[in-house]
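To start, the structure under review is shown below, and the notes come after it.
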Amino acid sequence: MSVQLRARTIVLTLCSALLATAVAALPARAEGTARAAWEVKGPHGSPTAVVALDRTDGHPTLAVRREGRTVLEPSPLGLVTEQTDFSRGLTLTGRSERTITEHYTSPTGKSRDRVARMTEARFRFRTADGARLDLVTRVARDGVAYRYVLPQNRGNVLREASAFTLPTGANALLGGYRADNELRFTRYDSAAAAPAGAYMMQGLFRTDGGNGAAADGDYALIAESDVNGTYAGAHLTHTADSSTYGLSLWNDEPILTTGPLTTPWRALVTGDLATVTESTFIDDLAPASRVRDTSWIKPGPALWTWLAGGKEAGQSLAAQEKYVDYAAERGWPYEVVDAGWYYKTGDWEVIDPQWQTDSWMPELVRYAAAKRVGIHVWLHYSLLTDPVEREKWLSTLARWGVKGVKIDFMDSESQERMRWYDDVLESTARHHLMVNFHGSTIPKGIQRTWPQVMTMEGVGGEEKRNNTAEQLASLPFTRNAIGSMDFTPGAFHRPYRPNVASDAGELGLSVLYESGIQNLSGTPESYDARPEARRYLEQLPARWEETRLLTGDPGRSAVLARRAADGRWFIGGTFTGAARTVDVPMRLGAGRWLVETLTDGPSGLVRETHVVRGGGTLAVPVVTDGGFAALACRAHEGRTTCEN
């Protein structure tokens, strides 16, 4: 290297160091003498994240404000490894900032075409012994997120200090934590009133910003994104009478590390209720798709036969062919064969060792293909744990022409299980198999990175016998707000559903709940007995272009509208409480709209046609703990129906 070049390199290095110090120091503002704070602001209309460092013991915190209102009080940050405590004793050595703009499309979810605009700030901290921790924050119009980066290995991660402190007076909608994420949600008048315990990483809070203005308030949905086999899933933990919710990892097991580490995003989706419900922030944070050719990924409704026919149907080619016939008549692109198909006939404990050669599945796939129906099949996850066995199962199914797999009973969010997800997702993508995970974790950005994931359970769906009307009105704002949800609506024949007196409410769930593969769980007989419901379900599109919240009160009511590619809006609503007439705002756009409603009448479903102006309201009668379904299209002269 020449003397001139070496001198220039030294100057540039010194300038970079000085610039980093200046960037770190200039935005800082003293808050009393206790701490220094730095603001991170996103695009116009975004909340503001405030990262602060205590001057006494060097512990970092993060707070969130929106238009002067407090959404999140200063909340602890940091993690602890075997070698270093990164939750205190930190000093800031540098700060940098950049703008992120990403365009992507999604075959599933609330919308197809998406634009993610975020401001990213990186804070570089060091401990007294020189260990480095980077805090990366992102701020978007609809959320704030942060993650930790350890540039050098500091041993296994023992725990996180991450927590969320809600303002006094914030109320909460929380579900207890279990490995399958299937427990119900409960409303609490205040975040502090929730019992001590563990809660799912999808807690919804409403704050009044500390100024008593709780009429609409700011909502905050706590979630995480970009969880893979380098880490474990997280859940919230709460101490009674506290407004702080800590973050715990699976069974408090250490996170095994072998080099530098980047943790998942800890995210706060925030804004008014419509912003939170319509947000794609959790997907926006996730890595871009790892699947280059996505032409084989095709969402759409499916006839799911488990609740329709049970175990017997799973071991019968004749029964499955009849279901294929029914799906074909309805125009549904898929039929799902659940458990039983690869077991020995009449024996649910032993897998047929000759399943590759003796199975009737290839014959069913050929039969269905001739009727333009694709077959999805159920698998127990244990069949896919060994790499050799996994390849045998998936390659065989792909060779037969199976379109997708429903994988069940993972029941863990450990680091080991997350590594299993990584392996299975790579394999299913390679074999062009769409995926539905049951007994699973919940979506954490997985559908952006692996778009063949059509849906996931992580919810107590239609097959459960303990759902409530309150649960139905909670899910659009919690579980389904973060990703596709396989609730399996449409089981009109089930006596255990909470809206059993409301066929209209049951029908509305097919729109209210988004799922890339909408597994319809009724019997053909139950659909035929309800021709109006059957007619509506036959029109369900393969996917949604846009989603809008029309009205809602988490845990009490929810009405969502979803736009199909042909411009029609499908609407689903659910309500708790006594029978009444509800006024639904028509937030569909200016002009005149023809709206066909399906409500409950004394002799069954009633279809009525209304003409409503955009921005007006639609009066809809609902029965006790009931709901409705509707279809809206532009009201052209002479048009009397929205049916294509």
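As shown in the structure tokens, the chain order sets the letters A, B, ...; within each chain, residues go from 1, and ligands are also counted from 1 in the order they appear.
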
- Query: Near region 348-358 of chain A, within 10 Å and counting only C-alpha atoms, which residues show up once chain neighbours fewer than 5 positions away are dropped, as a list of chain:residue names?
  - Reply: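 Neighbouring residues, sequence-local ones excluded: A:Lys311, A:Gln315, A:Ala339, A:Gly340, A:Trp341, A:Tyr342, A:Tyr343, A:Lys392, A:Trp393, A:Thr396, A:Leu397, A:Trp400.
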
- Message: Would you pick out the contacts of Ala161 (chain A) at 7 Å or less, using only C-alpha atoms, so that residues sharing its chain but fewer than 3 positions from it are not included, and give the list as a ChimeraX atom specification?
- Response: /A:76-79,87

- Message: I need the residues of region 544-635 of chain A that end up classed as strand (DSSP E or B) by DSSP on the backbone, written out as a count of residues only.
- Response: 62

Using only C-alpha atoms, what table do you get, as a Markdown table, when you list each residue of region 442-545 of chain A with an atom no more than 7 Å from region 281-301 of chain A, its nearest pair of atoms, and their distance in Å rounded to one decimal, rows by chain then rising number?
```
| residue | atom | partner | partner_atom | distance |
| --- | --- | --- | --- | --- |
| A:Lys444 | CA | A:Ile282 | CA | 6.5 |
| A:Gly445 | CA | A:Asp283 | CA | 4.3 |
| A:Arg448 | CA | A:Ser289 | CA | 5.6 |
| A:Thr449 | CA | A:Ser289 | CA | 4.0 |
| A:Trp450 | CA | A:Ser289 | CA | 5.8 |
| A:Pro451 | CA | A:Ser289 | CA | 6.7 |
| A:Gln452 | CA | A:Ile297 | CA | 5.9 |
| A:Met454 | CA | A:Pro299 | CA | 6.8 |
| A:Ile482 | CA | A:Ile282 | CA | 6.3 |
| A:Gly516 | CA | A:Pro299 | CA | 5.1 |
| A:Ile517 | CA | A:Gly300 | CA | 5.2 |
| A:Gln518 | CA | A:Pro301 | CA | 4.6 |
| A:Asn519 | CA | A:Pro301 | CA | 6.1 |
| A:Pro541 | CA | A:Gly300 | CA | 6.8 |
| A:Ala542 | CA | A:Gly300 | CA | 3.9 |
| A:Arg543 | CA | A:Pro299 | CA | 6.3 |
```
